[in-house]
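So this one's data-v9.pdb, PDB, C-alpha atoms:
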MODEL        1
ATOM      1  CA  MET R 663       0.000   0.000   0.000
ATOM      2  CA  ILE R 664       1.185   3.527  -0.743
ATOM      3  CA  ALA R 665       1.896   5.486   2.428
ATOM      4  CA  ASP R 666       1.881   8.928   0.813
ATOM      5  CA  PRO R 667       1.028   9.255  -2.882
ATOM      6  CA  ALA R 668       2.625  12.705  -3.022
ATOM      7  CA  GLN R 669       6.026  11.246  -2.095
ATOM      8  CA  LEU R 670       6.128   8.544  -4.763
ATOM      9  CA  GLU R 671       9.141   8.562  -7.059
ATOM     10  CA  LEU R 672       7.691   7.785 -10.464
ATOM     11  CA  PRO R 673       8.207   8.499 -14.161
ATOM     12  CA  ALA R 674       6.408  11.599 -15.431
ATOM     13  CA  ALA R 675       3.455   9.713 -16.921
ATOM     14  CA  GLU R 676       2.798   7.719 -13.749
ATOM     15  CA  ARG R 677       3.209  10.875 -11.672
ATOM     16  CA  ALA R 678       0.569  12.530 -13.842
ATOM     17  CA  ILE R 679      -1.736   9.553 -13.317
ATOM     18  CA  VAL R 680      -1.307   9.805  -9.540
ATOM     19  CA  GLY R 681      -1.920  13.559  -9.683
ATOM     20  CA  LEU R 682      -5.124  13.237 -11.691
ATOM     21  CA  THR R 683      -6.303  10.330  -9.554
ATOM     22  CA  SER R 684      -5.788  12.381  -6.399
ATOM     23  CA  LEU R 685      -7.800  15.292  -7.776
ATOM     24  CA  VAL R 686     -10.678  13.038  -8.828
ATOM     25  CA  ASN R 687     -10.655  11.379  -5.396
ATOM     26  CA  GLU R 688     -10.184  14.331  -3.107
ATOM     27  CA  VAL R 689     -11.327  17.527  -4.806
ATOM     28  CA  PRO R 690     -13.213  16.676  -8.001
ATOM     29  CA  TRP R 691     -15.056  20.002  -7.895
ATOM     30  CA  THR R 692     -11.757  21.825  -8.466
ATOM     31  CA  LEU R 693     -10.943  20.031 -11.732
ATOM     32  CA  GLU R 694     -10.351  22.367 -14.644
ATOM     33  CA  PRO R 695      -8.995  22.143 -18.193
ATOM     34  CA  ALA R 696      -5.460  22.904 -17.017
ATOM     35  CA  ASP R 697      -5.433  19.660 -15.005
ATOM     36  CA  PHE R 698      -6.160  17.677 -18.141
ATOM     37  CA  ASP R 699      -3.638  19.691 -20.145
ATOM     38  CA  ARG R 700      -0.954  18.819 -17.588
ATOM     39  CA  ALA R 701      -1.777  15.140 -17.943
ATOM     40  CA  ARG R 702      -1.511  15.397 -21.725
ATOM     41  CA  ALA R 703       1.767  17.292 -21.424
ATOM     42  CA  ALA R 704       3.132  14.360 -19.406
ATOM     43  CA  GLY R 705       2.406  12.103 -22.351
ATOM     44  CA  LEU R 706      -1.030  10.729 -21.494
ATOM     45  CA  SER R 707      -3.422  10.359 -24.410
ATOM     46  CA  ASP R 708      -7.067  11.354 -24.077
ATOM     47  CA  ASP R 709      -7.971   7.654 -23.980
ATOM     48  CA  VAL R 710      -5.624   7.088 -21.051
ATOM     49  CA  VAL R 711      -6.887  10.176 -19.242
ATOM     50  CA  LEU R 712     -10.484   8.994 -19.631
ATOM     51  CA  HIS R 713      -9.546   5.539 -18.375
ATOM     52  CA  VAL R 714      -7.812   7.080 -15.341
ATOM     53  CA  VAL R 715     -10.952   9.057 -14.514
ATOM     54  CA  LEU R 716     -13.215   6.007 -14.817
ATOM     55  CA  GLN R 717     -10.908   3.652 -12.921
ATOM     56  CA  THR R 718     -10.527   6.169 -10.102
ATOM     57  CA  ALA R 719     -14.221   6.952  -9.915
ATOM     58  CA  PHE R 720     -15.193   3.279  -9.930
ATOM     59  CA  PHE R 721     -12.766   2.418  -7.154
ATOM     60  CA  ASN R 722     -14.482   5.040  -5.012
ATOM     61  CA  HIS R 723     -17.549   2.805  -5.207
ATOM     62  CA  LEU R 724     -15.622  -0.348  -4.299
ATOM     63  CA  ASN R 725     -13.900   1.322  -1.347
ATOM     64  CA  ARG R 726     -17.220   2.521   0.029
ATOM     65  CA  VAL R 727     -18.988  -0.804  -0.369
ATOM     66  CA  ALA R 728     -16.042  -2.610   1.230
ATOM     67  CA  ASP R 729     -16.099  -0.330   4.267
ATOM     68  CA  GLY R 730     -19.860   0.206   4.306
ATOM     69  CA  VAL R 731     -20.567  -3.540   4.379
ATOM     70  CA  GLY R 732     -17.543  -4.203   6.582
ATOM     71  CA  ILE R 733     -15.992  -7.083   4.681
ATOM     72  CA  GLU R 734     -12.754  -8.533   5.926
ATOM     73  CA  PHE R 735      -9.600  -8.528   3.824
ATOM     74  CA  ASP R 736      -9.335 -11.937   2.213
ATOM     75  CA  TYR R 737      -6.403 -11.908  -0.183
ATOM     76  CA  GLU R 738      -2.866 -13.024   0.549
ATOM     77  CA  THR R 739      -0.579 -10.060   1.180
ATOM     78  CA  SER R 740       2.645  -9.197   2.913
ATOM     79  CA  LEU R 741       1.385  -5.693   3.651
ATOM     80  CA  PRO R 742       0.791  -4.769   7.285
ATOM     81  CA  PRO R 743      -2.713  -3.573   8.193
ATOM     82  CA  MET R 744      -3.191   0.094   7.371
ATOM     83  CA  ALA R 745      -3.402   2.529  10.255
ATOM     84  CA  ARG R 746      -6.874   3.980  10.663
ATOM     85  CA  LEU R 747      -7.170   7.422   9.085
ATOM     86  CA  GLU R 748      -7.785  10.171  11.592
ATOM     87  CA  ARG R 749      -7.919  13.180   9.292
ATOM     88  CA  GLU R 750     -10.873  15.442   8.728
ATOM     89  CA  PRO R 751     -12.567  15.583   5.325
ATOM     90  CA  LEU R 752     -11.373  18.436   3.142
ATOM     91  CA  PRO R 753     -13.562  21.565   3.273
ATOM     92  CA  ARG R 754     -16.136  22.109   0.543
ATOM     93  CA  PRO R 755     -16.907  25.462  -1.093
ATOM     94  CA  GLU R 756     -20.264  27.201  -0.777
ATOM     95  CA  ARG R 757     -22.777  26.192  -3.417
ATOM     96  CA  SER R 758     -22.365  29.512  -5.197
ATOM     97  CA  ALA R 759     -18.759  28.483  -5.923
ATOM     98  CA  TRP R 760     -19.534  25.000  -7.264
ATOM     99  CA  PRO R 761     -18.213  24.404 -10.790
ATOM    100  CA  ARG R 762     -20.261  24.977 -13.908
ATOM    101  CA  PRO R 763     -19.715  22.562 -16.819
ATOM    102  CA  ARG R 764     -17.698  23.765 -19.763
ATOM    103  CA  ALA R 765     -19.601  24.380 -22.957
ATOM    104  CA  ARG R 766     -17.464  21.901 -24.859
ATOM    105  CA  PRO R 767     -15.671  19.386 -22.656
ATOM    106  CA  SER R 768     -12.965  17.471 -24.484
ATOM    107  CA  LEU R 769     -13.678  14.029 -23.038
ATOM    108  CA  SER R 770     -16.800  11.923 -23.298
ATOM    109  CA  LEU R 771     -17.788   8.413 -22.270
ATOM    110  CA  ASP R 772     -18.560   7.884 -25.955
ATOM    111  CA  ARG R 773     -14.848   7.191 -26.448
ATOM    112  CA  ARG R 774     -15.378   3.914 -24.568
ATOM    113  CA  PRO R 775     -18.667   2.401 -25.823
ATOM    114  CA  ALA R 776     -18.419  -0.759 -23.684
ATOM    115  CA  SER R 777     -17.807   1.257 -20.523
ATOM    116  CA  ALA R 778     -20.577   3.696 -21.452
ATOM    117  CA  GLU R 779     -23.032   0.851 -21.905
ATOM    118  CA  THR R 780     -22.120  -0.992 -18.714
ATOM    119  CA  PHE R 781     -22.146   2.258 -16.756
ATOM    120  CA  ALA R 782     -25.610   3.097 -18.126
ATOM    121  CA  ARG R 783     -26.988  -0.299 -17.036
ATOM    122  CA  TRP R 784     -25.387  -0.035 -13.596
ATOM    123  CA  SER R 785     -26.761   3.479 -13.283
ATOM    124  CA  GLU R 786     -30.275   2.432 -14.267
ATOM    125  CA  HIS R 787     -30.269  -0.340 -11.660
ATOM    126  CA  ASN R 788     -29.198   2.074  -8.946
ATOM    127  CA  VAL R 789     -31.396   5.004  -9.890
ATOM    128  CA  ASP R 790     -34.565   3.678 -11.530
ATOM    129  CA  ARG R 791     -36.045   1.232  -9.023
ATOM    130  CA  GLU R 792     -38.815   1.290  -6.435
ATOM    131  CA  ALA R 793     -37.406  -1.318  -4.043
ATOM    132  CA  PRO R 794     -35.936  -1.884  -1.535
ATOM    133  CA  LEU R 795     -35.580   1.914  -1.409
ATOM    134  CA  SER R 796     -38.225   4.151  -2.950
ATOM    135  CA  ARG R 797     -37.395   6.559  -5.766
ATOM    136  CA  ARG R 798     -37.706   9.407  -3.288
ATOM    137  CA  ASP R 799     -35.192   7.709  -0.952
ATOM    138  CA  ARG R 800     -32.847   7.317  -3.911
ATOM    139  CA  SER R 801     -33.083  10.980  -4.757
ATOM    140  CA  VAL R 802     -32.334  11.939  -1.161
ATOM    141  CA  ILE R 803     -29.231   9.730  -1.064
ATOM    142  CA  ARG R 804     -28.022  10.826  -4.483
ATOM    143  CA  GLY R 805     -28.622  14.457  -3.567
ATOM    144  CA  ALA R 806     -26.637  14.096  -0.340
ATOM    145  CA  VAL R 807     -23.680  12.530  -2.126
ATOM    146  CA  ALA R 808     -23.787  15.040  -4.974
ATOM    147  CA  SER R 809     -23.957  17.931  -2.496
ATOM    148  CA  ALA R 810     -20.913  16.590  -0.654
ATOM    149  CA  LEU R 811     -19.064  16.516  -3.986
ATOM    150  CA  CYS R 812     -20.325  19.921  -5.218
ATOM    151  CA  ASP R 813     -21.997  18.233  -8.207
ATOM    152  CA  GLU R 814     -24.560  20.840  -9.232
ATOM    153  CA  THR R 815     -25.870  18.882 -12.219
ATOM    154  CA  THR R 816     -26.912  15.878 -10.132
ATOM    155  CA  VAL R 817     -28.335  18.034  -7.345
ATOM    156  CA  ALA R 818     -30.494  19.740  -9.973
ATOM    157  CA  GLU R 819     -31.408  16.357 -11.480
ATOM    158  CA  VAL R 820     -32.871  15.184  -8.167
ATOM    159  CA  ASP R 821     -34.470  18.612  -7.707
ATOM    160  CA  GLY R 822     -32.582  19.337  -4.520
ATOM    161  CA  ALA R 823     -34.099  16.352  -2.679
ATOM    162  CA  ILE R 824     -33.653  18.034   0.685
ATOM    163  CA  PRO R 825     -34.575  15.659   3.559
ATOM    164  CA  ARG R 826     -38.074  16.468   4.772
ATOM    165  CA  ASP R 827     -38.454  14.090   7.705
ATOM    166  CA  GLU R 828     -36.418  12.051  10.169
ATOM    167  CA  ARG R 829     -36.208   9.013   7.876
ATOM    168  CA  GLU R 830     -34.818  11.017   4.981
ATOM    169  CA  GLN R 831     -32.426  12.887   7.246
ATOM    170  CA  ARG R 832     -30.914   9.608   8.458
ATOM    171  CA  LEU R 833     -30.492   8.380   4.885
ATOM    172  CA  ALA R 834     -28.839  11.658   3.903
ATOM    173  CA  ASP R 835     -26.593  11.658   6.978
ATOM    174  CA  TYR R 836     -25.318   8.173   6.181
ATOM    175  CA  ALA R 837     -24.732   9.022   2.509
ATOM    176  CA  THR R 838     -22.880  12.183   3.497
ATOM    177  CA  LEU R 839     -20.609  10.337   5.941
ATOM    178  CA  LEU R 840     -19.937   7.602   3.383
ATOM    179  CA  THR R 841     -18.899  10.315   0.927
ATOM    180  CA  LEU R 842     -16.924  12.686   3.139
ATOM    181  CA  ALA R 843     -15.172  10.246   5.446
ATOM    182  CA  PRO R 844     -15.603   6.596   4.418
ATOM    183  CA  TRP R 845     -12.811   5.704   6.861
ATOM    184  CA  ARG R 846     -15.228   6.542   9.704
ATOM    185  CA  VAL R 847     -18.042   4.285   8.526
ATOM    186  CA  GLY R 848     -18.629   1.255  10.730
ATOM    187  CA  ALA R 849     -21.333  -1.038  12.061
ATOM    188  CA  ALA R 850     -22.599   1.709  14.356
ATOM    189  CA  SER R 851     -23.174   3.975  11.366
ATOM    190  CA  LEU R 852     -25.924   1.627  10.201
ATOM    191  CA  ALA R 853     -27.767   1.645  13.538
ATOM    192  CA  PRO R 854     -29.874   4.748  12.762
ATOM    193  CA  LEU R 855     -30.955   3.095   9.511
ATOM    194  CA  ARG R 856     -31.786  -0.200  11.201
ATOM    195  CA  GLY R 857     -33.825   1.931  13.602
ATOM    196  CA  LEU R 858     -35.967   2.905  10.626
ATOM    197  CA  GLY R 859     -36.746  -0.753  10.042
ATOM    198  CA  LEU R 860     -34.417  -1.223   7.063
ATOM    199  CA  ASP R 861     -33.403  -4.845   6.600
ATOM    200  CA  ASP R 862     -30.037  -6.011   5.249
ATOM    201  CA  ALA R 863     -31.153  -5.838   1.607
ATOM    202  CA  ALA R 864     -32.259  -2.241   2.073
ATOM    203  CA  LEU R 865     -29.017  -1.397   3.876
ATOM    204  CA  LEU R 866     -27.039  -2.773   0.923
ATOM    205  CA  ASP R 867     -29.203  -0.620  -1.344
ATOM    206  CA  VAL R 868     -28.240   2.473   0.702
ATOM    207  CA  ILE R 869     -24.543   1.622   0.707
ATOM    208  CA  ALA R 870     -24.349   0.606  -2.947
ATOM    209  CA  LEU R 871     -26.336   3.610  -4.122
ATOM    210  CA  GLY R 872     -24.070   5.886  -2.086
ATOM    211  CA  GLY R 873     -21.043   4.213  -3.610
ATOM    212  CA  PHE R 874     -22.503   4.399  -7.097
ATOM    213  CA  GLN R 875     -23.210   8.117  -6.782
ATOM    214  CA  ASN R 876     -19.639   8.672  -5.579
ATOM    215  CA  THR R 877     -18.561   7.192  -8.891
ATOM    216  CA  ALA R 878     -21.180   8.938 -11.018
ATOM    217  CA  SER R 879     -20.593  12.421  -9.595
ATOM    218  CA  ARG R 880     -16.831  12.119  -9.980
ATOM    219  CA  ILE R 881     -17.207  11.057 -13.600
ATOM    220  CA  ARG R 882     -19.667  13.864 -14.253
ATOM    221  CA  LEU R 883     -17.463  16.524 -12.660
ATOM    222  CA  ALA R 884     -14.293  15.301 -14.332
ATOM    223  CA  LEU R 885     -15.689  14.975 -17.833
ATOM    224  CA  ALA R 886     -17.498  18.302 -17.593
ATOM    225  CA  ALA R 887     -14.241  19.991 -16.625
ATOM    226  CA  SER R 888     -12.095  18.346 -19.294
TER     227      SER R 888
ATOM    228  CA  MET M1468     -17.795 -10.367  10.332
ATOM    229  CA  ALA M1469     -19.626  -8.131   7.859
ATOM    230  CA  TYR M1470     -22.252  -5.677   9.121
ATOM    231  CA  ILE M1471     -24.935  -7.136   6.860
ATOM    232  CA  ARG M1472     -25.567 -10.661   5.628
ATOM    233  CA  THR M1473     -23.589 -11.817   2.622
ATOM    234  CA  ILE M1474     -24.032 -14.941   0.525
ATOM    235  CA  GLY M1475     -21.073 -17.228  -0.130
ATOM    236  CA  ALA M1476     -20.559 -19.315  -3.248
ATOM    237  CA  HIS M1477     -21.625 -22.519  -1.454
ATOM    238  CA  GLU M1478     -25.135 -21.158  -0.814
ATOM    239  CA  ALA M1479     -25.509 -19.028  -3.951
ATOM    240  CA  GLU M1480     -27.998 -20.004  -6.620
ATOM    241  CA  GLY M1481     -29.553 -18.633  -9.780
ATOM    242  CA  GLU M1482     -28.279 -15.268 -11.022
ATOM    243  CA  LEU M1483     -25.848 -14.886  -8.124
ATOM    244  CA  LEU M1484     -24.248 -18.262  -8.707
ATOM    245  CA  GLU M1485     -23.932 -17.440 -12.402
ATOM    246  CA  ALA M1486     -22.298 -14.109 -11.561
ATOM    247  CA  TYR M1487     -19.820 -15.783  -9.201
ATOM    248  CA  ARG M1488     -18.940 -18.360 -11.827
ATOM    249  CA  ALA M1489     -18.506 -15.701 -14.511
ATOM    250  CA  MET M1490     -16.220 -13.674 -12.263
ATOM    251  CA  ALA M1491     -14.153 -16.723 -11.319
ATOM    252  CA  ALA M1492     -13.673 -17.486 -15.017
ATOM    253  CA  ARG M1493     -12.291 -14.043 -15.808
ATOM    254  CA  PRO M1494      -8.571 -13.922 -16.480
ATOM    255  CA  MET M1495      -6.963 -12.046 -13.614
ATOM    256  CA  PRO M1496      -3.681 -11.889 -11.715
ATOM    257  CA  SER M1497      -3.280 -14.663  -9.157
ATOM    258  CA  VAL M1498      -3.184 -12.143  -6.308
ATOM    259  CA  TYR M1499      -6.898 -11.620  -6.936
ATOM    260  CA  LYS M1500      -7.692 -15.257  -6.204
ATOM    261  CA  ALA M1501      -8.877 -15.391  -2.608
ATOM    262  CA  PRO M1502      -7.153 -18.327  -0.866
ATOM    263  CA  HIS M1503     -10.324 -19.413   0.945
ATOM    264  CA  GLY M1504     -11.844 -20.583  -2.346
ATOM    265  CA  ASP M1505     -15.096 -18.693  -1.787
ATOM    266  CA  ALA M1506     -16.090 -15.670  -3.869
ATOM    267  CA  PRO M1507     -13.904 -12.676  -2.939
ATOM    268  CA  GLY M1508     -15.275 -10.456  -0.180
ATOM    269  CA  ILE M1509     -15.894  -7.507  -2.482
ATOM    270  CA  LEU M1510     -18.233  -9.674  -4.577
ATOM    271  CA  ARG M1511     -19.971 -11.110  -1.523
ATOM    272  CA  ALA M1512     -20.437  -7.566  -0.222
ATOM    273  CA  HIS M1513     -22.883  -6.967  -3.091
ATOM    274  CA  SER M1514     -24.442 -10.438  -2.898
ATOM    275  CA  LEU M1515     -27.874  -9.630  -1.464
ATOM    276  CA  ASP M1516     -28.633  -8.142  -4.882
ATOM    277  CA  ALA M1517     -27.522 -10.596  -7.550
ATOM    278  CA  ARG M1518     -28.241  -8.196 -10.392
ATOM    279  CA  LEU M1519     -26.140  -5.547  -8.682
ATOM    280  CA  VAL M1520     -23.224  -7.992  -8.589
ATOM    281  CA  ARG M1521     -23.520  -8.637 -12.298
ATOM    282  CA  LEU M1522     -23.948  -4.996 -13.332
ATOM    283  CA  THR M1523     -21.297  -3.568 -11.022
ATOM    284  CA  PHE M1524     -18.658  -6.017 -12.134
ATOM    285  CA  ALA M1525     -19.620  -5.694 -15.774
ATOM    286  CA  LEU M1526     -18.316  -2.137 -15.500
ATOM    287  CA  SER M1527     -15.144  -3.261 -13.762
ATOM    288  CA  GLY M1528     -14.706  -5.819 -16.535
ATOM    289  CA  SER M1529     -14.985  -3.131 -19.176
ATOM    290  CA  LEU M1530     -12.204  -1.201 -17.431
ATOM    291  CA  ALA M1531      -9.932  -4.220 -17.062
ATOM    292  CA  THR M1532     -10.120  -5.809 -20.468
ATOM    293  CA  ASP M1533      -8.397  -3.329 -22.738
ATOM    294  CA  ALA M1534      -4.822  -2.193 -22.991
ATOM    295  CA  THR M1535      -5.396   1.553 -22.582
ATOM    296  CA  LEU M1536      -4.216   1.305 -18.991
ATOM    297  CA  SER M1537      -1.834  -1.493 -18.069
ATOM    298  CA  TRP M1538      -2.530  -3.627 -15.012
ATOM    299  CA  PRO M1539       0.302  -1.956 -13.024
ATOM    300  CA  ARG M1540      -1.131   1.472 -13.833
ATOM    301  CA  ARG M1541      -4.628   0.395 -12.777
ATOM    302  CA  GLU M1542      -3.172  -1.000  -9.556
ATOM    303  CA  LEU M1543      -1.406   2.308  -8.972
ATOM    304  CA  ILE M1544      -4.736   4.112  -9.285
ATOM    305  CA  ASN M1545      -6.488   1.588  -7.042
ATOM    306  CA  ALA M1546      -3.780   1.853  -4.378
ATOM    307  CA  VAL M1547      -3.755   5.663  -4.376
ATOM    308  CA  THR M1548      -7.550   5.764  -4.217
ATOM    309  CA  SER M1549      -7.727   3.240  -1.387
ATOM    310  CA  ARG M1550      -5.059   5.098   0.570
ATOM    311  CA  GLN M1551      -6.889   8.398   0.222
ATOM    312  CA  ASN M1552     -10.182   6.767   1.215
ATOM    313  CA  GLY M1553      -8.552   4.978   4.146
ATOM    314  CA  CYS M1554      -9.671   1.589   2.796
ATOM    315  CA  PHE M1555      -7.288  -1.315   3.363
ATOM    316  CA  TYR M1556      -9.407  -3.763   1.420
TER     317      TYR M1556
ENDMDL
END

Show me this structure written as structure tokens.
Amino acid sequence: MIADPAQLELPAAERAIVGLTSLVNEVPWTLEPADFDRARAAGLSDDVVLHVVLQTAFFNHLNRVADGVGIEFDYETSLPPMARLEREPLPRPERSAWPRPRARPSLSLDRRPASAETFARWSEHNVDREAPLSRRDRSVIRGAVASALCDETTVAEVDGAIPRDEREQRLADYATLLTLAPWRVGAASLAPLRGLGLDDAALLDVIALGGFQNTASRIRLALAAS
Amino acid sequence: MAYIRTIGAHEAEGELLEAYRAMAARPMPSVYKAPHGDAPGILRAHSLDARLVRLTFALSGSLATDATLSWPRRELINAVTSRQNGCFY
């Protein structure tokens, strides 16, 4: 495992990959054309840059499902267990300072038809269902994640979806924690949701939808800024 | 022990069993073969929704099966992302 990505000694192209990955992970709302130009200047093609964005965004889902569900590490490794992160989430700007998409972004999922198709099907399964969570619940969770990532387009898509009762507030609180500080998510984080009567299938729906939206918002922000 | 129920390969059936078998048949580095012989934990984490397993890992398959990004480069991205998210898994 990498102790500090900023201290890695790498060739220029790999350093550019780490730099872009870090921006997509940590501050996707700050992405701007210059970030993509720097990656290209380091020798990365547009196809590689797009793949970096998608790989990074997708792993944000896997990390959150792994920690949200609480699975145990089950591969063989010589790595020591990682120390628990203690840091605070990075601050977010006010909504008035959230990014606006460029008129003509340079990158599109259309460059990877197979990924575009599989992403669309995954998205439909997460977004367009009535059970276990209702469509309204889904909008609340997606809105909470998108707000935590300063993703104006998705927030508008779910029409704000501000929590309007205790149930929705608990769903939003969990989705926000899963987004801002996944390293703090544990069994106790699910207790308020179990208190609503959600069974394990519904809890997976909450976690997986939160993870999905972490991927979707990062892709949306990155491609819009490219 | 996971916080919610998960379904192992030995008790999987139908669409979930098919998804597990399809994933096991994918070419992948040996380090991704869990030594316990069951489906890897990250698959089982999604297992209460068999369709979710299939659709989620269809996307991962689309990202892993072309040469645009080499396996070492993808692993670099995965490691940096997991470090920044504080996820050992």

Pick from R:Arg856, R:Arg749, R:Arg677, R:His723 nearest to R:Val807, counting all atoms listed in the file: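 Closest candidate: R:His723.
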
Kindly indicate which residue among M:Gly1481, M:Pro1539, M:Gly1475, M:Gly1508 lies nearest to chain R, using only C-alpha atoms for the distances.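 Of all the options, M:Gly1508 lies closest to chain R.
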
Quick one: apply the PyMOL selection byres ((chain M) within 8 of (chain R)) to the file and drop the selected residues here as a PyMOL selection string. chain M and resi 1468-1472+1498-1503+1507-1509+1512-1513+1515-1516+1519+1522-1523+1525-1527+1529-1530+1535-1536+1540-1541+1543-1556

Taking the file as shown, find all residues satisfying the PyMOL selection byres ((chain M and resi 1493) around 12) and write them as a list in words. Ala1486, Tyr1487, Arg1488, Ala1489, Met1490, Ala1491, Ala1492, Pro1494, Met1495, Pro1496, Ser1497, Tyr1499, Lys1500, Phe1524, Ala1525, Ser1527, Gly1528, Ser1529, Ala1531 and Thr1532 of chain M

When you draw a straight line from atom CA of R:Ser770 to atom CA of R:Val820, how long is it in Å? 22.3 Å

Report, in Å with one decimal, the straight-line distance from atom CA of R:Val817 to atom CA of R:Asp697.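 About the pair atom CA of R:Val817 and atom CA of R:Asp697: they are 24.2 Å apart.
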
Can you list, as an mmCIF file with C-alpha atoms, in the coordinates of the input, the residues that the PyMOL selection byres ((chain R and resi 692) around 9) selects here?
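Saved file expr.cif follows:
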data_model
loop_
_atom_site.group_PDB
_atom_site.id
_atom_site.type_symbol
_atom_site.label_atom_id
_atom_site.label_comp_id
_atom_site.auth_asym_id
_atom_site.auth_seq_id
_atom_site.Cartn_x
_atom_site.Cartn_y
_atom_site.Cartn_z
ATOM 1 C CA LEU R 685 -7.800 15.292 -7.776
ATOM 2 C CA VAL R 686 -10.678 13.038 -8.828
ATOM 3 C CA VAL R 689 -11.327 17.527 -4.806
ATOM 4 C CA PRO R 690 -13.213 16.676 -8.001
ATOM 5 C CA TRP R 691 -15.056 20.002 -7.895
ATOM 6 C CA LEU R 693 -10.943 20.031 -11.732
ATOM 7 C CA GLU R 694 -10.351 22.367 -14.644
ATOM 8 C CA TRP R 760 -19.534 25.000 -7.264
ATOM 9 C CA PRO R 761 -18.213 24.404 -10.790
ATOM 10 C CA LEU R 883 -17.463 16.524 -12.660
ATOM 11 C CA ALA R 887 -14.241 19.991 -16.625
#

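Taking atom CA of R:Ile824 as the reference point, atom CA of R:Val802 is found at 6.5 Å.
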
Give the answer as one residue: which of R:Arg773, R:Arg882, R:Arg791, R:Arg800 has the shortest atom-to-atom distance to R:Glu830, using all atoms listed in the file? R:Arg800

With 6 Å added on each side, what axis-aligned box encloses every listed atom of stretch 847-865 of chain R? Give the centre and edge lengths in Å to one decimal, as AutoDock Vina command-line options.
--center_x -27.4 --center_y -0.6 --center_z 8.0 --size_x 30.7 --size_y 22.8 --size_z 24.7

Of the candidates R:Arg798, R:Arg757, R:Arg766, R:Arg829, which one gets nearest to R:Thr815 if we count all atoms listed in the file?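 Looking at the shortest contact to R:Thr815, the residue is R:Arg757.
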
Could you write stretch 876-880 of chain R as a short mmCIF file (atom, residue, chain, number, x, y, z; two decimals), in the coordinates of the input, with all heavy atoms rebuilt where they are missing?
data_model
loop_
_atom_site.label_atom_id
_atom_site.label_comp_id
_atom_site.auth_asym_id
_atom_site.auth_seq_id
_atom_site.Cartn_x
_atom_site.Cartn_y
_atom_site.Cartn_z
N ASN R 876 -21.01 8.18 -5.70
CA ASN R 876 -19.64 8.67 -5.58
C ASN R 876 -18.88 8.49 -6.88
O ASN R 876 -18.03 9.30 -7.25
CB ASN R 876 -18.92 7.98 -4.42
CG ASN R 876 -18.99 8.77 -3.14
OD1 ASN R 876 -18.15 9.63 -2.87
ND2 ASN R 876 -20.03 8.52 -2.35
N THR R 877 -19.17 7.40 -7.57
CA THR R 877 -18.56 7.19 -8.89
C THR R 877 -19.17 8.15 -9.92
O THR R 877 -18.46 8.85 -10.65
CB THR R 877 -18.80 5.74 -9.35
OG1 THR R 877 -18.13 4.86 -8.45
CG2 THR R 877 -18.26 5.51 -10.76
N ALA R 878 -20.50 8.17 -9.96
CA ALA R 878 -21.18 8.94 -11.02
C ALA R 878 -20.87 10.43 -10.93
O ALA R 878 -20.63 11.08 -11.96
CB ALA R 878 -22.68 8.70 -10.91
N SER R 879 -20.86 10.98 -9.72
CA SER R 879 -20.59 12.42 -9.60
C SER R 879 -19.15 12.75 -9.98
O SER R 879 -18.88 13.79 -10.59
CB SER R 879 -20.88 12.90 -8.16
OG SER R 879 -22.27 13.00 -7.94
N ARG R 880 -18.23 11.86 -9.61
CA ARG R 880 -16.83 12.12 -9.98
C ARG R 880 -16.66 12.08 -11.50
O ARG R 880 -15.94 12.90 -12.07
CB ARG R 880 -15.90 11.11 -9.29
CG ARG R 880 -15.65 11.45 -7.83
CD ARG R 880 -14.76 10.42 -7.13
NE ARG R 880 -14.35 10.92 -5.81
CZ ARG R 880 -15.10 10.84 -4.72
NH1 ARG R 880 -16.29 10.27 -4.77
NH2 ARG R 880 -14.67 11.34 -3.57
#
